[in-house]
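query_9.cif follows (mmCIF, N, CA and C atoms and all ligand atoms):
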data_start
#
loop_
_atom_site.label_atom_id
_atom_site.label_comp_id
_atom_site.auth_asym_id
_atom_site.auth_seq_id
_atom_site.Cartn_x
_atom_site.Cartn_y
_atom_site.Cartn_z
N MET Z 888 1.33 1.44 -3.95
CA MET Z 888 1.31 0.87 -2.62
C MET Z 888 1.83 -0.56 -2.72
N VAL Z 889 2.90 -0.85 -2.01
CA VAL Z 889 3.54 -2.16 -2.19
C VAL Z 889 3.80 -2.83 -0.84
N CYS Z 890 3.32 -4.08 -0.72
CA CYS Z 890 3.65 -4.88 0.47
C CYS Z 890 4.24 -6.21 -0.01
N LEU Z 891 4.16 -7.24 0.79
CA LEU Z 891 4.75 -8.52 0.41
C LEU Z 891 3.79 -9.32 -0.49
N GLY Z 892 2.59 -9.57 0.04
CA GLY Z 892 1.68 -10.46 -0.68
C GLY Z 892 0.64 -9.77 -1.55
N ASN Z 893 0.45 -8.47 -1.35
CA ASN Z 893 -0.60 -7.69 -2.04
C ASN Z 893 -2.00 -8.24 -1.74
N ILE Z 894 -2.17 -8.77 -0.52
CA ILE Z 894 -3.54 -9.17 -0.14
C ILE Z 894 -3.98 -8.54 1.18
N CYS Z 895 -3.06 -8.05 2.01
CA CYS Z 895 -3.47 -7.47 3.31
C CYS Z 895 -3.26 -5.95 3.34
N ARG Z 896 -2.02 -5.50 3.41
CA ARG Z 896 -1.74 -4.08 3.64
C ARG Z 896 -1.92 -3.21 2.40
N SER Z 897 -1.25 -3.56 1.30
CA SER Z 897 -1.29 -2.63 0.15
C SER Z 897 -2.68 -2.51 -0.49
N PRO Z 898 -3.51 -3.55 -0.52
CA PRO Z 898 -4.86 -3.33 -1.05
C PRO Z 898 -5.65 -2.32 -0.20
N LEU Z 899 -5.42 -2.38 1.12
CA LEU Z 899 -6.06 -1.39 2.00
C LEU Z 899 -5.55 0.01 1.71
N ALA Z 900 -4.22 0.12 1.58
CA ALA Z 900 -3.62 1.42 1.29
C ALA Z 900 -4.16 1.98 -0.04
N GLU Z 901 -4.29 1.10 -1.04
CA GLU Z 901 -4.84 1.53 -2.34
C GLU Z 901 -6.27 2.05 -2.15
N GLY Z 902 -7.09 1.27 -1.46
CA GLY Z 902 -8.50 1.66 -1.28
C GLY Z 902 -8.64 2.95 -0.48
N ILE Z 903 -7.82 3.08 0.55
CA ILE Z 903 -7.92 4.27 1.41
C ILE Z 903 -7.48 5.52 0.65
N LEU Z 904 -6.34 5.43 -0.06
CA LEU Z 904 -5.87 6.62 -0.78
C LEU Z 904 -6.87 7.01 -1.87
N LYS Z 905 -7.38 6.01 -2.61
CA LYS Z 905 -8.39 6.31 -3.64
C LYS Z 905 -9.58 7.05 -3.04
N SER Z 906 -9.98 6.64 -1.85
CA SER Z 906 -11.18 7.22 -1.22
C SER Z 906 -10.96 8.68 -0.83
N LYS Z 907 -9.71 9.09 -0.76
CA LYS Z 907 -9.40 10.46 -0.32
C LYS Z 907 -9.12 11.39 -1.51
N LEU Z 908 -9.13 10.84 -2.72
CA LEU Z 908 -8.83 11.64 -3.92
C LEU Z 908 -10.07 11.69 -4.81
N PRO Z 909 -10.23 12.79 -5.56
CA PRO Z 909 -11.35 12.83 -6.49
C PRO Z 909 -11.19 11.73 -7.54
N GLU Z 910 -12.30 11.22 -8.04
CA GLU Z 910 -12.24 10.13 -9.01
C GLU Z 910 -11.55 10.57 -10.30
N ASN Z 911 -10.84 9.64 -10.91
CA ASN Z 911 -10.21 9.86 -12.22
C ASN Z 911 -9.17 10.99 -12.27
N THR Z 912 -8.58 11.32 -11.14
CA THR Z 912 -7.52 12.32 -11.15
C THR Z 912 -6.15 11.67 -11.03
N PHE Z 913 -6.10 10.58 -10.29
CA PHE Z 913 -4.83 9.89 -10.07
C PHE Z 913 -5.04 8.40 -10.33
N PHE Z 914 -3.98 7.75 -10.79
CA PHE Z 914 -4.01 6.30 -10.91
C PHE Z 914 -3.33 5.71 -9.68
N VAL Z 915 -4.12 5.12 -8.81
CA VAL Z 915 -3.60 4.51 -7.58
C VAL Z 915 -3.69 3.00 -7.75
N ASP Z 916 -2.60 2.29 -7.47
CA ASP Z 916 -2.62 0.83 -7.64
C ASP Z 916 -1.77 0.21 -6.52
N SER Z 917 -1.83 -1.10 -6.42
CA SER Z 917 -1.01 -1.78 -5.42
C SER Z 917 -0.42 -3.04 -6.01
N ALA Z 918 0.62 -3.53 -5.36
CA ALA Z 918 1.31 -4.73 -5.83
C ALA Z 918 2.05 -5.36 -4.65
N GLY Z 919 2.49 -6.60 -4.85
CA GLY Z 919 3.30 -7.29 -3.84
C GLY Z 919 4.68 -7.55 -4.39
N THR Z 920 5.67 -7.59 -3.50
CA THR Z 920 7.01 -7.94 -3.98
C THR Z 920 7.10 -9.45 -4.24
N ALA Z 921 6.23 -10.23 -3.58
CA ALA Z 921 6.23 -11.69 -3.76
C ALA Z 921 5.15 -12.09 -4.78
N ASN Z 922 5.23 -13.33 -5.22
CA ASN Z 922 4.28 -13.78 -6.24
C ASN Z 922 3.26 -14.78 -5.70
N TYR Z 923 3.13 -14.86 -4.36
CA TYR Z 923 2.28 -15.91 -3.76
C TYR Z 923 0.80 -15.76 -4.11
N HIS Z 924 0.33 -14.55 -4.30
CA HIS Z 924 -1.13 -14.34 -4.32
C HIS Z 924 -1.62 -13.64 -5.59
N ILE Z 925 -0.91 -13.89 -6.68
CA ILE Z 925 -1.28 -13.25 -7.96
C ILE Z 925 -2.70 -13.66 -8.34
N GLY Z 926 -3.51 -12.67 -8.70
CA GLY Z 926 -4.88 -12.92 -9.15
C GLY Z 926 -5.89 -13.08 -8.04
N GLU Z 927 -5.42 -13.09 -6.77
CA GLU Z 927 -6.36 -13.31 -5.66
C GLU Z 927 -7.01 -12.00 -5.21
N GLN Z 928 -8.20 -12.16 -4.62
CA GLN Z 928 -8.87 -11.05 -3.94
C GLN Z 928 -8.08 -10.72 -2.68
N PRO Z 929 -8.23 -9.48 -2.16
CA PRO Z 929 -7.62 -9.19 -0.86
C PRO Z 929 -8.10 -10.17 0.21
N ASP Z 930 -7.30 -10.32 1.26
CA ASP Z 930 -7.64 -11.13 2.43
C ASP Z 930 -9.01 -10.69 2.98
N TYR Z 931 -9.81 -11.65 3.42
CA TYR Z 931 -11.17 -11.32 3.88
C TYR Z 931 -11.16 -10.33 5.04
N ARG Z 932 -10.06 -10.33 5.82
CA ARG Z 932 -10.01 -9.40 6.96
C ARG Z 932 -9.73 -7.97 6.49
N SER Z 933 -8.97 -7.82 5.42
CA SER Z 933 -8.78 -6.48 4.83
C SER Z 933 -10.07 -6.00 4.20
N ILE Z 934 -10.77 -6.91 3.52
CA ILE Z 934 -12.07 -6.56 2.92
C ILE Z 934 -13.01 -6.08 4.01
N ALA Z 935 -13.02 -6.79 5.15
CA ALA Z 935 -13.96 -6.46 6.24
C ALA Z 935 -13.65 -5.12 6.88
N ILE Z 936 -12.37 -4.85 7.14
CA ILE Z 936 -12.03 -3.58 7.82
C ILE Z 936 -12.28 -2.41 6.85
N ALA Z 937 -12.02 -2.61 5.58
CA ALA Z 937 -12.31 -1.54 4.60
C ALA Z 937 -13.81 -1.27 4.57
N LYS Z 938 -14.59 -2.34 4.54
CA LYS Z 938 -16.05 -2.21 4.48
C LYS Z 938 -16.57 -1.45 5.70
N LYS Z 939 -15.97 -1.75 6.86
CA LYS Z 939 -16.36 -1.07 8.10
C LYS Z 939 -16.25 0.45 7.95
N TYR Z 940 -15.28 0.90 7.17
CA TYR Z 940 -15.07 2.34 6.98
C TYR Z 940 -15.61 2.82 5.62
N GLY Z 941 -16.46 2.01 5.00
CA GLY Z 941 -17.16 2.45 3.79
C GLY Z 941 -16.37 2.35 2.51
N ILE Z 942 -15.34 1.49 2.50
CA ILE Z 942 -14.49 1.37 1.31
C ILE Z 942 -14.60 -0.06 0.76
N ASP Z 943 -14.84 -0.16 -0.55
CA ASP Z 943 -14.99 -1.47 -1.18
C ASP Z 943 -13.69 -1.84 -1.90
N ILE Z 944 -13.01 -2.87 -1.43
CA ILE Z 944 -11.76 -3.29 -2.10
C ILE Z 944 -11.92 -4.68 -2.74
N THR Z 945 -13.16 -5.14 -2.86
CA THR Z 945 -13.38 -6.53 -3.30
C THR Z 945 -12.99 -6.77 -4.76
N ARG Z 946 -12.92 -5.68 -5.56
CA ARG Z 946 -12.61 -5.90 -6.98
C ARG Z 946 -11.11 -5.88 -7.27
N GLN Z 947 -10.30 -5.66 -6.25
CA GLN Z 947 -8.85 -5.68 -6.47
C GLN Z 947 -8.36 -7.12 -6.68
N LYS Z 948 -7.28 -7.22 -7.47
CA LYS Z 948 -6.67 -8.54 -7.71
C LYS Z 948 -5.17 -8.45 -7.47
N GLY Z 949 -4.63 -9.42 -6.76
CA GLY Z 949 -3.21 -9.40 -6.43
C GLY Z 949 -2.33 -9.45 -7.68
N ARG Z 950 -1.27 -8.66 -7.64
CA ARG Z 950 -0.27 -8.73 -8.73
C ARG Z 950 1.11 -8.50 -8.12
N GLN Z 951 2.13 -8.86 -8.87
CA GLN Z 951 3.50 -8.70 -8.38
C GLN Z 951 4.09 -7.39 -8.92
N PHE Z 952 4.86 -6.71 -8.08
CA PHE Z 952 5.55 -5.49 -8.51
C PHE Z 952 6.47 -5.84 -9.67
N LYS Z 953 6.51 -4.95 -10.67
CA LYS Z 953 7.38 -5.21 -11.82
C LYS Z 953 8.20 -3.96 -12.15
N VAL Z 954 9.32 -4.17 -12.85
CA VAL Z 954 10.26 -3.08 -13.11
C VAL Z 954 9.57 -1.92 -13.84
N SER Z 955 8.63 -2.24 -14.73
CA SER Z 955 7.96 -1.16 -15.49
C SER Z 955 7.11 -0.26 -14.59
N ASP Z 956 6.83 -0.71 -13.35
CA ASP Z 956 6.09 0.16 -12.41
C ASP Z 956 6.89 1.42 -12.08
N PHE Z 957 8.21 1.35 -12.19
CA PHE Z 957 9.00 2.55 -11.92
C PHE Z 957 8.68 3.65 -12.94
N ASP Z 958 8.37 3.25 -14.18
CA ASP Z 958 8.02 4.25 -15.19
C ASP Z 958 6.55 4.63 -15.11
N ALA Z 959 5.72 3.69 -14.68
CA ALA Z 959 4.27 3.93 -14.68
C ALA Z 959 3.81 4.84 -13.54
N PHE Z 960 4.61 4.92 -12.46
CA PHE Z 960 4.15 5.65 -11.26
C PHE Z 960 5.15 6.73 -10.85
N ASP Z 961 4.60 7.81 -10.30
CA ASP Z 961 5.44 8.91 -9.80
C ASP Z 961 5.91 8.65 -8.37
N TYR Z 962 5.07 7.97 -7.61
CA TYR Z 962 5.38 7.69 -6.19
C TYR Z 962 5.15 6.21 -5.91
N ILE Z 963 6.07 5.62 -5.20
CA ILE Z 963 5.94 4.21 -4.80
C ILE Z 963 6.09 4.17 -3.28
N TYR Z 964 5.07 3.65 -2.61
CA TYR Z 964 5.10 3.59 -1.14
C TYR Z 964 5.22 2.14 -0.69
N ALA Z 965 6.29 1.85 0.03
CA ALA Z 965 6.50 0.51 0.58
C ALA Z 965 5.92 0.45 1.99
N MET Z 966 5.31 -0.69 2.30
CA MET Z 966 4.67 -0.84 3.61
C MET Z 966 5.68 -1.11 4.73
N ASP Z 967 6.83 -1.70 4.38
CA ASP Z 967 7.85 -1.91 5.42
C ASP Z 967 9.24 -1.90 4.79
N SER Z 968 10.24 -1.94 5.67
CA SER Z 968 11.61 -1.75 5.18
C SER Z 968 12.08 -2.92 4.32
N GLU Z 969 11.57 -4.11 4.58
CA GLU Z 969 11.96 -5.25 3.74
C GLU Z 969 11.42 -5.06 2.32
N ASN Z 970 10.16 -4.66 2.22
CA ASN Z 970 9.59 -4.38 0.89
C ASN Z 970 10.35 -3.23 0.23
N PHE Z 971 10.66 -2.22 1.03
CA PHE Z 971 11.43 -1.07 0.51
C PHE Z 971 12.72 -1.55 -0.14
N ASN Z 972 13.46 -2.38 0.59
CA ASN Z 972 14.74 -2.87 0.06
C ASN Z 972 14.55 -3.72 -1.19
N ASN Z 973 13.50 -4.55 -1.17
CA ASN Z 973 13.25 -5.41 -2.34
C ASN Z 973 12.89 -4.58 -3.57
N ILE Z 974 12.16 -3.49 -3.37
CA ILE Z 974 11.80 -2.62 -4.50
C ILE Z 974 13.05 -1.90 -5.01
N VAL Z 975 13.81 -1.34 -4.06
CA VAL Z 975 15.01 -0.59 -4.46
C VAL Z 975 15.99 -1.50 -5.22
N ASN Z 976 16.03 -2.77 -4.84
CA ASN Z 976 16.92 -3.70 -5.54
C ASN Z 976 16.53 -3.91 -7.00
N LEU Z 977 15.28 -3.61 -7.34
CA LEU Z 977 14.83 -3.76 -8.73
C LEU Z 977 15.02 -2.47 -9.54
N ALA Z 978 15.39 -1.39 -8.86
CA ALA Z 978 15.52 -0.09 -9.53
C ALA Z 978 16.61 -0.14 -10.60
N GLN Z 979 16.36 0.55 -11.72
CA GLN Z 979 17.30 0.56 -12.83
C GLN Z 979 18.22 1.77 -12.79
N ASN Z 980 17.81 2.80 -12.06
CA ASN Z 980 18.61 4.04 -12.03
C ASN Z 980 18.22 4.85 -10.79
N SER Z 981 18.90 5.97 -10.60
CA SER Z 981 18.68 6.74 -9.37
C SER Z 981 17.29 7.41 -9.36
N GLU Z 982 16.75 7.68 -10.54
CA GLU Z 982 15.39 8.25 -10.58
C GLU Z 982 14.38 7.23 -10.04
N ASP Z 983 14.55 5.97 -10.42
CA ASP Z 983 13.68 4.91 -9.88
C ASP Z 983 13.79 4.88 -8.36
N VAL Z 984 15.01 4.90 -7.85
CA VAL Z 984 15.22 4.81 -6.39
C VAL Z 984 14.53 5.98 -5.69
N SER Z 985 14.59 7.15 -6.32
CA SER Z 985 14.05 8.35 -5.66
C SER Z 985 12.53 8.31 -5.55
N LYS Z 986 11.88 7.43 -6.30
CA LYS Z 986 10.42 7.32 -6.22
C LYS Z 986 9.94 6.48 -5.05
N VAL Z 987 10.86 5.74 -4.43
CA VAL Z 987 10.45 4.76 -3.41
C VAL Z 987 10.49 5.38 -2.02
N ASN Z 988 9.37 5.29 -1.33
CA ASN Z 988 9.24 5.85 0.03
C ASN Z 988 8.72 4.78 0.98
N LEU Z 989 9.07 4.94 2.25
CA LEU Z 989 8.42 4.12 3.29
C LEU Z 989 7.16 4.87 3.71
N ILE Z 990 6.02 4.25 3.58
CA ILE Z 990 4.77 5.00 3.76
C ILE Z 990 4.66 5.64 5.15
N LEU Z 991 5.16 4.96 6.19
CA LEU Z 991 4.99 5.54 7.53
C LEU Z 991 5.94 6.70 7.79
N GLU Z 992 6.89 6.93 6.88
CA GLU Z 992 7.72 8.12 7.04
C GLU Z 992 6.92 9.39 6.74
N GLU Z 993 5.73 9.21 6.17
CA GLU Z 993 4.84 10.36 5.97
C GLU Z 993 4.30 10.87 7.31
N LEU Z 994 4.22 10.00 8.28
CA LEU Z 994 3.67 10.39 9.58
C LEU Z 994 4.69 11.22 10.33
N ASN Z 995 4.24 12.35 10.84
CA ASN Z 995 5.15 13.18 11.62
C ASN Z 995 5.43 12.52 12.96
N GLU Z 996 6.67 12.50 13.31
CA GLU Z 996 7.07 12.00 14.63
C GLU Z 996 6.65 10.56 14.91
N SER Z 997 6.52 9.76 13.86
CA SER Z 997 6.15 8.37 14.09
C SER Z 997 7.37 7.59 14.58
N SER Z 998 7.17 6.78 15.60
CA SER Z 998 8.29 5.99 16.09
C SER Z 998 8.38 4.67 15.33
N ILE Z 999 7.30 4.31 14.61
CA ILE Z 999 7.38 3.06 13.85
C ILE Z 999 7.50 3.38 12.36
N THR Z 1000 8.34 2.61 11.69
CA THR Z 1000 8.54 2.86 10.26
C THR Z 1000 7.91 1.76 9.41
N ASP Z 1001 7.55 0.64 10.03
CA ASP Z 1001 6.97 -0.47 9.26
C ASP Z 1001 5.50 -0.66 9.61
N VAL Z 1002 4.66 -0.79 8.58
CA VAL Z 1002 3.27 -1.21 8.83
C VAL Z 1002 3.36 -2.69 9.19
N PRO Z 1003 2.95 -3.08 10.40
CA PRO Z 1003 3.14 -4.48 10.80
C PRO Z 1003 2.38 -5.43 9.88
N ASP Z 1004 3.03 -6.53 9.53
CA ASP Z 1004 2.37 -7.54 8.70
C ASP Z 1004 1.24 -8.17 9.52
N PRO Z 1005 -0.02 -7.99 9.11
CA PRO Z 1005 -1.14 -8.46 9.94
C PRO Z 1005 -1.57 -9.89 9.62
N TYR Z 1006 -0.85 -10.54 8.70
CA TYR Z 1006 -1.32 -11.84 8.18
C TYR Z 1006 -1.62 -12.83 9.31
N TYR Z 1007 -0.74 -12.85 10.33
CA TYR Z 1007 -0.95 -13.79 11.45
C TYR Z 1007 -1.39 -13.06 12.72
N ALA Z 1008 -1.89 -11.82 12.56
CA ALA Z 1008 -2.11 -10.97 13.74
C ALA Z 1008 -3.55 -10.90 14.22
N GLY Z 1009 -4.49 -11.51 13.53
CA GLY Z 1009 -5.88 -11.45 13.98
C GLY Z 1009 -6.52 -10.11 13.66
N ASN Z 1010 -7.80 -9.96 14.06
CA ASN Z 1010 -8.57 -8.77 13.66
C ASN Z 1010 -8.00 -7.47 14.20
N LYS Z 1011 -7.44 -7.53 15.40
CA LYS Z 1011 -6.89 -6.30 15.99
C LYS Z 1011 -5.75 -5.76 15.15
N GLY Z 1012 -4.97 -6.67 14.58
CA GLY Z 1012 -3.87 -6.27 13.71
C GLY Z 1012 -4.38 -5.49 12.51
N PHE Z 1013 -5.50 -5.89 11.98
CA PHE Z 1013 -6.04 -5.22 10.79
C PHE Z 1013 -6.58 -3.84 11.14
N GLU Z 1014 -7.16 -3.71 12.33
CA GLU Z 1014 -7.64 -2.38 12.77
C GLU Z 1014 -6.45 -1.43 12.89
N ASN Z 1015 -5.39 -1.93 13.50
CA ASN Z 1015 -4.16 -1.13 13.65
C ASN Z 1015 -3.60 -0.71 12.30
N VAL Z 1016 -3.54 -1.65 11.37
CA VAL Z 1016 -3.05 -1.36 10.02
C VAL Z 1016 -3.93 -0.30 9.37
N TYR Z 1017 -5.24 -0.45 9.51
CA TYR Z 1017 -6.15 0.53 8.90
C TYR Z 1017 -5.86 1.93 9.44
N GLU Z 1018 -5.72 2.03 10.75
CA GLU Z 1018 -5.52 3.36 11.36
C GLU Z 1018 -4.21 3.99 10.90
N LEU Z 1019 -3.15 3.21 10.84
CA LEU Z 1019 -1.86 3.73 10.38
C LEU Z 1019 -1.95 4.20 8.93
N LEU Z 1020 -2.57 3.38 8.09
CA LEU Z 1020 -2.65 3.72 6.66
C LEU Z 1020 -3.58 4.90 6.42
N ASP Z 1021 -4.64 4.98 7.21
CA ASP Z 1021 -5.57 6.11 7.04
C ASP Z 1021 -4.86 7.43 7.34
N GLU Z 1022 -4.07 7.41 8.39
CA GLU Z 1022 -3.34 8.63 8.78
C GLU Z 1022 -2.31 9.00 7.70
N ALA Z 1023 -1.57 8.01 7.23
CA ALA Z 1023 -0.54 8.28 6.22
C ALA Z 1023 -1.17 8.73 4.90
N CYS Z 1024 -2.26 8.08 4.51
CA CYS Z 1024 -2.90 8.43 3.22
C CYS Z 1024 -3.53 9.82 3.27
N GLU Z 1025 -4.00 10.22 4.43
CA GLU Z 1025 -4.54 11.57 4.58
C GLU Z 1025 -3.44 12.61 4.28
N ILE Z 1026 -2.26 12.35 4.80
CA ILE Z 1026 -1.14 13.27 4.59
C ILE Z 1026 -0.71 13.24 3.12
N ILE Z 1027 -0.64 12.05 2.53
CA ILE Z 1027 -0.27 11.94 1.11
C ILE Z 1027 -1.28 12.67 0.23
N ALA Z 1028 -2.57 12.44 0.47
CA ALA Z 1028 -3.61 13.07 -0.36
C ALA Z 1028 -3.54 14.59 -0.24
N ASN Z 1029 -3.27 15.09 0.94
CA ASN Z 1029 -3.20 16.54 1.15
C ASN Z 1029 -2.00 17.16 0.44
N LYS Z 1030 -0.96 16.36 0.22
CA LYS Z 1030 0.24 16.89 -0.43
C LYS Z 1030 0.12 16.91 -1.96
N LEU Z 1031 -0.78 16.09 -2.50
CA LEU Z 1031 -0.90 16.00 -3.96
C LEU Z 1031 -1.68 17.20 -4.49
N ASP Z 1032 -1.24 17.72 -5.62
CA ASP Z 1032 -1.94 18.86 -6.24
C ASP Z 1032 -3.05 18.37 -7.14
N TYR Z 1033 -4.22 18.89 -6.96
CA TYR Z 1033 -5.31 18.61 -7.91
C TYR Z 1033 -6.36 19.68 -7.79
P1 LIG Q 1101 0.66 -8.47 2.96
O1 LIG Q 1101 0.53 -9.69 4.00
O2 LIG Q 1101 2.11 -8.42 2.56
O3 LIG Q 1101 0.25 -7.28 3.77
O4 LIG Q 1101 -0.27 -8.78 1.81
C1 LIG Q 1101 0.94 -10.99 3.70
C2 LIG Q 1101 0.13 -11.82 2.97
C3 LIG Q 1101 0.52 -13.10 2.70
C4 LIG Q 1101 1.74 -13.55 3.16
C5 LIG Q 1101 2.57 -12.71 3.88
C6 LIG Q 1101 2.17 -11.41 4.15
N1 LIG Q 1101 2.13 -14.87 2.91
O5 LIG Q 1101 3.21 -15.28 3.41
O6 LIG Q 1101 1.44 -15.60 2.17
#
Spell out the structure here as structure tokens.
Amino acid sequence: MVCLGNICRSPLAEGILKSKLPENTFFVDSAGTANYHIGEQPDYRSIAIAKKYGIDITRQKGRQFKVSDFDAFDYIYAMDSENFNNIVNLAQNSEDVSKVNLILEELNESSITDVPDPYYAGNKGFENVYELLDEACEIIANKLDY
């Protein structure tokens, strides 16, 4: 799960997808394309909205996406098209490129392709982000074999 800062959207996506999969079956992680928030806890508003739905993301720590993530992961989900492009620009080969998806393209008939950046959007923005990610992660979890 990859966004810009790895403190708002992708930590939520990581927590939500983990909550929908049996423990120790998949390695789910998140990262940011930028390096602004390395080592930081998720934004307090992401922590709060996750907690509201029974998910604890307080132990996550921000990190930056790195080229070796293409080998470490089978699927890479970008939160928006800018992150998508930034990830694809780091790809070393066509197999790397093929792993990168826009997470909202999982939603059937969705008219929006970008999870809106909630950093300056207030609490309502985080509720909206949670709902979008919950719907997308439900579809992703149902598609995975276990
Ligand atoms: P995120 O949100 O990409 O969902 O983690 C942001 C967090 C921080 C900043 C931008 C977006 N920032 O500019 O510091």
Please, which residues have at least one atom within 8 Å of an atom of ligand LIG 1101 (chain Q), using only N, CA and C atoms and all ligand atoms, listed as a count of residues only?
-> 26
From Z:Gln928, Z:Gly941, Z:Ser981, Z:Leu1020, residue lying nearest Asp967 in chain Z [only C-alpha atoms] |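 Counting only C-alpha atoms, the residue closest to Asp967 in chain Z is Z:Leu1020.
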Got a sec: who's within 8 Å of Asn988 in chain Z, counting only N, CA and C atoms, leaving out chain neighbours fewer than 4 positions off, as a VMD selection string?
-> chain Z and resid 962 to 967 971 984 992 to 993
Using only C-alpha atoms, which residue out of Z:Met888, Z:Ile925, Z:Ala1028, Z:Ala1023 lies closest to Gly949 in chain Z?
->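 Answer, going by the shortest atom-to-atom distance: Z:Ile925.
Interatomic distance, CA of Asn995 in chain Z to atom N of Ala937 in chain Z: 24.1 Å.
Each of Z:Leu977, Z:Ser985, Z:Ala1008, Z:Cys1024 was checked against Ala900 in chain Z using all atoms listed in the file; the smallest atom-to-atom distance is that of Z:Cys1024.
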Measuring atom to atom with only C-alpha atoms, identify which of Z:Lys939, Z:Lys1030, Z:Arg946, Z:Lys986 is nearest to Glu901 in chain Z.
-> Z:Arg946
Assign secondary structure with DSSP using the backbone only, and return the residues of range 888-1031 of chain Z in strand (DSSP E) as a ChimeraX atom specification.
-> /Z:889-890,918-919,963-965,987-989
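Checking Z:Asn973, Z:Asn980, Z:Asn1015, Z:Ser968 one by one against Thr1000 in chain Z, counting all atoms listed in the file, you find the shortest gap at Z:Ser968.
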So what do you get for CA of Lys905 in chain Z versus atom C of Ile934 in chain Z, distance-wise?
->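 Separation of CA of Lys905 in chain Z and atom C of Ile934 in chain Z: 15.3 Å.
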Residue among Z:Ser998, Z:Gln951, Z:Val975, Z:Asn970 lying closest to Ser917 in chain Z, counting only N, CA and C atoms |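 Nearest to Ser917 in chain Z: Z:Gln951.
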Figure out the distance between atom C of Phe957 in chain Z and atom N of Lys907 in chain Z, please, to one decimal in Å.
-> 22.7 Å
Would you mind writing down, as a ChimeraX atom specification, each residue of chain Z that DSSP on the backbone assigns to helix (DSSP H, G or I)?
-> /Z:896-907,931-939,956-959,968-977,981-985,990-993,1009-1030
My structure is short of atoms at range 920-925 of chain Z; please model all heavy atoms there, returning them as an mmCIF file, in the frame of the given file.
data_model
loop_
_atom_site.group_PDB
_atom_site.id
_atom_site.type_symbol
_atom_site.label_atom_id
_atom_site.label_comp_id
_atom_site.auth_asym_id
_atom_site.auth_seq_id
_atom_site.Cartn_x
_atom_site.Cartn_y
_atom_site.Cartn_z
ATOM 1 N N THR Z 920 5.670 -7.590 -3.500
ATOM 2 C CA THR Z 920 7.010 -7.940 -3.980
ATOM 3 C C THR Z 920 7.100 -9.450 -4.240
ATOM 4 O O THR Z 920 7.913 -9.896 -5.032
ATOM 5 C CB THR Z 920 8.085 -7.524 -2.953
ATOM 6 O OG1 THR Z 920 7.750 -8.055 -1.672
ATOM 7 C CG2 THR Z 920 8.187 -6.012 -2.871
ATOM 8 N N ALA Z 921 6.230 -10.230 -3.580
ATOM 9 C CA ALA Z 921 6.230 -11.690 -3.760
ATOM 10 C C ALA Z 921 5.150 -12.090 -4.780
ATOM 11 O O ALA Z 921 4.274 -11.294 -5.126
ATOM 12 C CB ALA Z 921 5.964 -12.380 -2.434
ATOM 13 N N ASN Z 922 5.230 -13.330 -5.220
ATOM 14 C CA ASN Z 922 4.280 -13.780 -6.240
ATOM 15 C C ASN Z 922 3.260 -14.780 -5.700
ATOM 16 O O ASN Z 922 2.592 -15.469 -6.447
ATOM 17 C CB ASN Z 922 5.046 -14.396 -7.425
ATOM 18 C CG ASN Z 922 5.850 -15.631 -7.021
ATOM 19 O OD1 ASN Z 922 5.828 -16.036 -5.859
ATOM 20 N ND2 ASN Z 922 6.559 -16.217 -7.965
ATOM 21 N N TYR Z 923 3.130 -14.860 -4.360
ATOM 22 C CA TYR Z 923 2.280 -15.910 -3.760
ATOM 23 C C TYR Z 923 0.800 -15.760 -4.110
ATOM 24 O O TYR Z 923 0.058 -16.733 -4.092
ATOM 25 C CB TYR Z 923 2.334 -15.891 -2.231
ATOM 26 C CG TYR Z 923 3.675 -15.703 -1.575
ATOM 27 C CD1 TYR Z 923 3.789 -14.840 -0.479
ATOM 28 C CD2 TYR Z 923 4.799 -16.404 -1.985
ATOM 29 C CE1 TYR Z 923 5.001 -14.670 0.169
ATOM 30 C CE2 TYR Z 923 6.007 -16.223 -1.342
ATOM 31 C CZ TYR Z 923 6.110 -15.354 -0.276
ATOM 32 O OH TYR Z 923 7.293 -15.173 0.371
ATOM 33 N N HIS Z 924 0.330 -14.550 -4.300
ATOM 34 C CA HIS Z 924 -1.130 -14.340 -4.320
ATOM 35 C C HIS Z 924 -1.620 -13.640 -5.590
ATOM 36 O O HIS Z 924 -2.601 -12.919 -5.573
ATOM 37 C CB HIS Z 924 -1.560 -13.547 -3.085
ATOM 38 C CG HIS Z 924 -1.255 -14.251 -1.802
ATOM 39 N ND1 HIS Z 924 -1.983 -15.335 -1.349
ATOM 40 C CD2 HIS Z 924 -0.265 -14.063 -0.895
ATOM 41 C CE1 HIS Z 924 -1.472 -15.771 -0.206
ATOM 42 N NE2 HIS Z 924 -0.425 -15.012 0.097
ATOM 43 N N ILE Z 925 -0.910 -13.890 -6.680
ATOM 44 C CA ILE Z 925 -1.280 -13.250 -7.960
ATOM 45 C C ILE Z 925 -2.700 -13.660 -8.340
ATOM 46 O O ILE Z 925 -3.066 -14.842 -8.290
ATOM 47 C CB ILE Z 925 -0.270 -13.645 -9.066
ATOM 48 C CG1 ILE Z 925 1.091 -13.018 -8.764
ATOM 49 C CG2 ILE Z 925 -0.764 -13.189 -10.441
ATOM 50 C CD1 ILE Z 925 2.215 -13.481 -9.687
#
